[in-house]
Structure formats: structure tokens, C-alpha cells
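Student: Below are the C-alpha cells for one structure; questions will follow.
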Amino acid sequence: MYLPVTYRPTGSSSRESFGERVSQLLGGRRLDGVLEMSGSPLAVREGLQSLRGGGRMSMLGLPHEPFDLDWNRLVIFNGVTINGIIGRRMFETWYQMDNLLGSGRLDIRPAITHVMKMERFVEAVGLLRSGQAGKVVLVPWGESV
């Protein structure tokens, strides 16, 4: 099942977790697969918690440093498969992405939290590092795409 969910942790302890949101959207079921692209330890843990037994997680994000993980509960006893993704097939993946975006089957707009002038690069990096941004688009000619 494909479920386009963009999750942006706010750092608030009272927020709804990704797993709770997934359960709500799927009527109590869990995901077959998760693509983790941030490298955030919180996102990795919550992504693993949202997987069904035997689910798969593809790790594309790069954590800044090692972090603790409850391997027994989140991976081993749940039969989860984790794949590390380190590269791409240059032209094949470009054509696939062009097809997905051009057909409207993939809408990346929900992942973009900020659109900023290129000159605001330092501010954009600060937002990303602080967790206040998901994806930032830097535009050389102004603030609109």
C-alpha cells in the first residue's frame, strides 16, 4: 500500500507520533515499508515503530553521529528488513523520477517547508539543523518557484 505521509517532528512532547498518525490513517494497520531520508534518530525509531511485522525500511538519510536503537523490539522480533541505499543508477532513476513527477503520481510539495532566496542559505541551513524545516528550496531569482 502506498501512503504519501510527510511527517515533520516539532520537538514538542505533546505532539502526535508518526506511528499514531499512520495507525489513524490506516485504521490500526501498519506500513509495509518506510523510506527514511532525514537521518534523524527520532525519524528512524518512529519509522521502525510504524512498520508491520516483516516490513522493510530503506535508509537514505545519513545520521550525524551514532545513536541508540532498541534492536530487539524494533527490528529483530518484528522481522524487519533494513536496506542501506548509497547510490543510484544514474540515468534510469532520473527517467523514473521524471515520469513520477510528470504524471502527478508523486507530489513532493508536502515535503517542502520553506522556499527562500539563495542569499538566505545560512538561515536555511540553520532551520534544517534545528529541525524547524523539512526540505528547503533555495531559489536564485527570488522567493517563488
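As shown in the C-alpha cells, the chain order sets the letters A, B, ...; within each chain, residues go from 1, and ligands are also counted from 1 in the order they appear.
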What's around Lys135 (chain A) at 8 Å? Count only C-alpha atoms, leave out sequence neighbours fewer than 2 positions away in its own chain, and write the answer as a list in words.

Tutor: Ala111, Ile112, Thr113, His114, Leu128, Ala133 and Val137 of chain A

Student: What's around Val139 (chain A) at 12 Å? Count only C-alpha atoms, leave out sequence neighbours fewer than 2 positions away in its own chain, and write the answer as a list in words.

Tutor: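 Those residues are His114, Val115, Met116, Lys117, Met118, Glu119, Arg120, Phe121, Ala124, Val136, Val137, Trp141, Gly142, Glu143, Ser144 and Val145 of chain A.
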
Student: Using only N, CA and C atoms, please write the residues we just selected to a file, as a PDB file, in the first residue's frame.

Tutor:
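Once everything was written out, this is out-v9.pdb:
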```pdb
ATOM      1  N   HIS A 114       9.977  25.272   3.284  1.00  0.00           N
ATOM      2  CA  HIS A 114      10.425  26.649   3.083  1.00  0.00           C
ATOM      3  C   HIS A 114      10.919  26.839   1.653  1.00  0.00           C
ATOM      4  N   VAL A 115      10.604  27.990   1.076  1.00  0.00           N
ATOM      5  CA  VAL A 115      11.178  28.427  -0.194  1.00  0.00           C
ATOM      6  C   VAL A 115      11.820  29.774   0.097  1.00  0.00           C
ATOM      7  N   MET A 116      13.142  29.866  -0.145  1.00  0.00           N
ATOM      8  CA  MET A 116      13.880  31.062   0.250  1.00  0.00           C
ATOM      9  C   MET A 116      14.828  31.510  -0.849  1.00  0.00           C
ATOM     10  N   LYS A 117      15.194  32.790  -0.801  1.00  0.00           N
ATOM     11  CA  LYS A 117      16.200  33.319  -1.718  1.00  0.00           C
ATOM     12  C   LYS A 117      17.526  32.614  -1.450  1.00  0.00           C
ATOM     13  N   MET A 118      18.305  32.430  -2.496  1.00  0.00           N
ATOM     14  CA  MET A 118      19.615  31.788  -2.373  1.00  0.00           C
ATOM     15  C   MET A 118      20.496  32.501  -1.339  1.00  0.00           C
ATOM     16  N   GLU A 119      20.362  33.811  -1.258  1.00  0.00           N
ATOM     17  CA  GLU A 119      21.175  34.595  -0.315  1.00  0.00           C
ATOM     18  C   GLU A 119      20.915  34.221   1.141  1.00  0.00           C
ATOM     19  N   ARG A 120      19.804  33.560   1.415  1.00  0.00           N
ATOM     20  CA  ARG A 120      19.449  33.170   2.794  1.00  0.00           C
ATOM     21  C   ARG A 120      19.917  31.749   3.116  1.00  0.00           C
ATOM     22  N   PHE A 121      20.958  31.291   2.426  1.00  0.00           N
ATOM     23  CA  PHE A 121      21.486  29.939   2.584  1.00  0.00           C
ATOM     24  C   PHE A 121      21.822  29.612   4.039  1.00  0.00           C
ATOM     25  N   ALA A 124      18.768  29.044   6.000  1.00  0.00           N
ATOM     26  CA  ALA A 124      18.143  27.779   5.607  1.00  0.00           C
ATOM     27  C   ALA A 124      18.817  26.593   6.291  1.00  0.00           C
ATOM     28  N   VAL A 136      14.157  22.527   2.216  1.00  0.00           N
ATOM     29  CA  VAL A 136      14.224  23.941   1.863  1.00  0.00           C
ATOM     30  C   VAL A 136      14.642  24.048   0.401  1.00  0.00           C
ATOM     31  N   VAL A 137      13.878  24.807  -0.374  1.00  0.00           N
ATOM     32  CA  VAL A 137      14.222  25.089  -1.757  1.00  0.00           C
ATOM     33  C   VAL A 137      14.853  26.470  -1.803  1.00  0.00           C
ATOM     34  N   TRP A 141      16.558  33.412  -8.109  1.00  0.00           N
ATOM     35  CA  TRP A 141      15.927  34.621  -8.640  1.00  0.00           C
ATOM     36  C   TRP A 141      14.865  35.211  -7.719  1.00  0.00           C
ATOM     37  N   GLY A 142      14.680  34.689  -6.549  1.00  0.00           N
ATOM     38  CA  GLY A 142      13.690  35.245  -5.625  1.00  0.00           C
ATOM     39  C   GLY A 142      13.104  34.181  -4.727  1.00  0.00           C
ATOM     40  N   GLU A 143      11.939  34.482  -4.141  1.00  0.00           N
ATOM     41  CA  GLU A 143      11.346  33.559  -3.181  1.00  0.00           C
ATOM     42  C   GLU A 143      10.193  32.743  -3.713  1.00  0.00           C
ATOM     43  N   SER A 144       9.889  32.829  -4.992  1.00  0.00           N
ATOM     44  CA  SER A 144       8.821  31.991  -5.532  1.00  0.00           C
ATOM     45  C   SER A 144       9.382  31.108  -6.619  1.00  0.00           C
ATOM     46  N   VAL A 145       8.825  29.918  -6.711  1.00  0.00           N
ATOM     47  CA  VAL A 145       9.314  28.947  -7.686  1.00  0.00           C
ATOM     48  C   VAL A 145       8.528  29.090  -8.965  1.00  0.00           C
TER      49      VAL A 145
END
```

Student: At a cut-off of 9 Å, using only C-alpha atoms, what residues contact Val44 (chain A)? Leave out same-chain residues fewer than 6 positions from it and give the result as a count of residues only.

Tutor: 5

Student: Once DSSP has gone over the backbone, tell me which residues of region 5-75 of chain A are in alpha helix (DSSP H), as a ChimeraX atom specification.

Tutor: /A:18-25,41-49,71

Student: Mind writing the picked residues with N, CA and C atoms as an mmCIF file, in the first residue's frame?

Tutor:
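selection_29.cif written:
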```cif
data_model
loop_
_atom_site.group_PDB
_atom_site.id
_atom_site.type_symbol
_atom_site.label_atom_id
_atom_site.label_comp_id
_atom_site.auth_asym_id
_atom_site.auth_seq_id
_atom_site.Cartn_x
_atom_site.Cartn_y
_atom_site.Cartn_z
ATOM 1 N N PHE A 18 4.518 9.751 14.680
ATOM 2 C CA PHE A 18 4.332 9.262 13.325
ATOM 3 C C PHE A 18 3.538 7.958 13.345
ATOM 4 N N GLY A 19 3.891 7.048 14.259
ATOM 5 C CA GLY A 19 3.180 5.772 14.373
ATOM 6 C C GLY A 19 1.703 5.952 14.682
ATOM 7 N N GLU A 20 1.382 6.904 15.559
ATOM 8 C CA GLU A 20 -0.016 7.180 15.875
ATOM 9 C C GLU A 20 -0.752 7.711 14.648
ATOM 10 N N ARG A 21 -0.083 8.592 13.901
ATOM 11 C CA ARG A 21 -0.701 9.164 12.698
ATOM 12 C C ARG A 21 -0.949 8.079 11.648
ATOM 13 N N VAL A 22 0.035 7.206 11.453
ATOM 14 C CA VAL A 22 -0.108 6.108 10.491
ATOM 15 C C VAL A 22 -1.265 5.205 10.904
ATOM 16 N N SER A 23 -1.310 4.833 12.180
ATOM 17 C CA SER A 23 -2.375 3.969 12.685
ATOM 18 C C SER A 23 -3.742 4.605 12.466
ATOM 19 N N GLN A 24 -3.820 5.917 12.690
ATOM 20 C CA GLN A 24 -5.077 6.633 12.491
ATOM 21 C C GLN A 24 -5.485 6.603 11.015
ATOM 22 N N LEU A 25 -4.534 6.849 10.115
ATOM 23 C CA LEU A 25 -4.837 6.891 8.689
ATOM 24 C C LEU A 25 -5.173 5.513 8.119
ATOM 25 N N PRO A 41 17.605 10.358 14.230
ATOM 26 C CA PRO A 41 17.343 9.191 15.087
ATOM 27 C C PRO A 41 15.865 9.045 15.453
ATOM 28 N N LEU A 42 15.198 10.165 15.715
ATOM 29 C CA LEU A 42 13.768 10.113 16.031
ATOM 30 C C LEU A 42 12.972 9.567 14.856
ATOM 31 N N ALA A 43 13.292 10.021 13.651
ATOM 32 C CA ALA A 43 12.577 9.557 12.458
ATOM 33 C C ALA A 43 12.833 8.068 12.211
ATOM 34 N N VAL A 44 14.054 7.615 12.446
ATOM 35 C CA VAL A 44 14.374 6.189 12.271
ATOM 36 C C VAL A 44 13.559 5.350 13.254
ATOM 37 N N ARG A 45 13.570 5.743 14.527
ATOM 38 C CA ARG A 45 12.828 4.985 15.546
ATOM 39 C C ARG A 45 11.330 4.958 15.233
ATOM 40 N N GLU A 46 10.766 6.130 14.919
ATOM 41 C CA GLU A 46 9.327 6.182 14.673
ATOM 42 C C GLU A 46 8.954 5.485 13.364
ATOM 43 N N GLY A 47 9.849 5.526 12.377
ATOM 44 C CA GLY A 47 9.609 4.784 11.147
ATOM 45 C C GLY A 47 9.575 3.289 11.400
ATOM 46 N N LEU A 48 10.524 2.799 12.200
ATOM 47 C CA LEU A 48 10.556 1.371 12.541
ATOM 48 C C LEU A 48 9.318 0.967 13.344
ATOM 49 N N GLN A 49 8.880 1.824 14.263
ATOM 50 C CA GLN A 49 7.689 1.527 15.066
ATOM 51 C C GLN A 49 6.428 1.446 14.209
ATOM 52 N N TRP A 71 17.083 -2.594 19.140
ATOM 53 C CA TRP A 71 17.125 -3.566 18.040
ATOM 54 C C TRP A 71 16.181 -4.737 18.265
#
```

Student: Could you pull out all residues of region 11-73 of chain A with a DSSP call of strand (DSSP E) and give them as a PyMOL selection string?

Tutor: chain A and resi 31-36+51-59

Student: Could you work out how far CA of Gly53 (chain A) lies from CA of Leu74 (chain A), giving the answer in Å with one decimal?

Tutor: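 Straight-line distance from CA of Leu74 (chain A) to CA of Gly53 (chain A) works out to 9.7 Å.
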
Student: Looking at A:Ile86, A:Leu51, A:Leu62, A:Ile76, which one is nearest to Gly33 (chain A), with distances taken over only C-alpha atoms?

Tutor: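 Closest candidate: A:Leu51.
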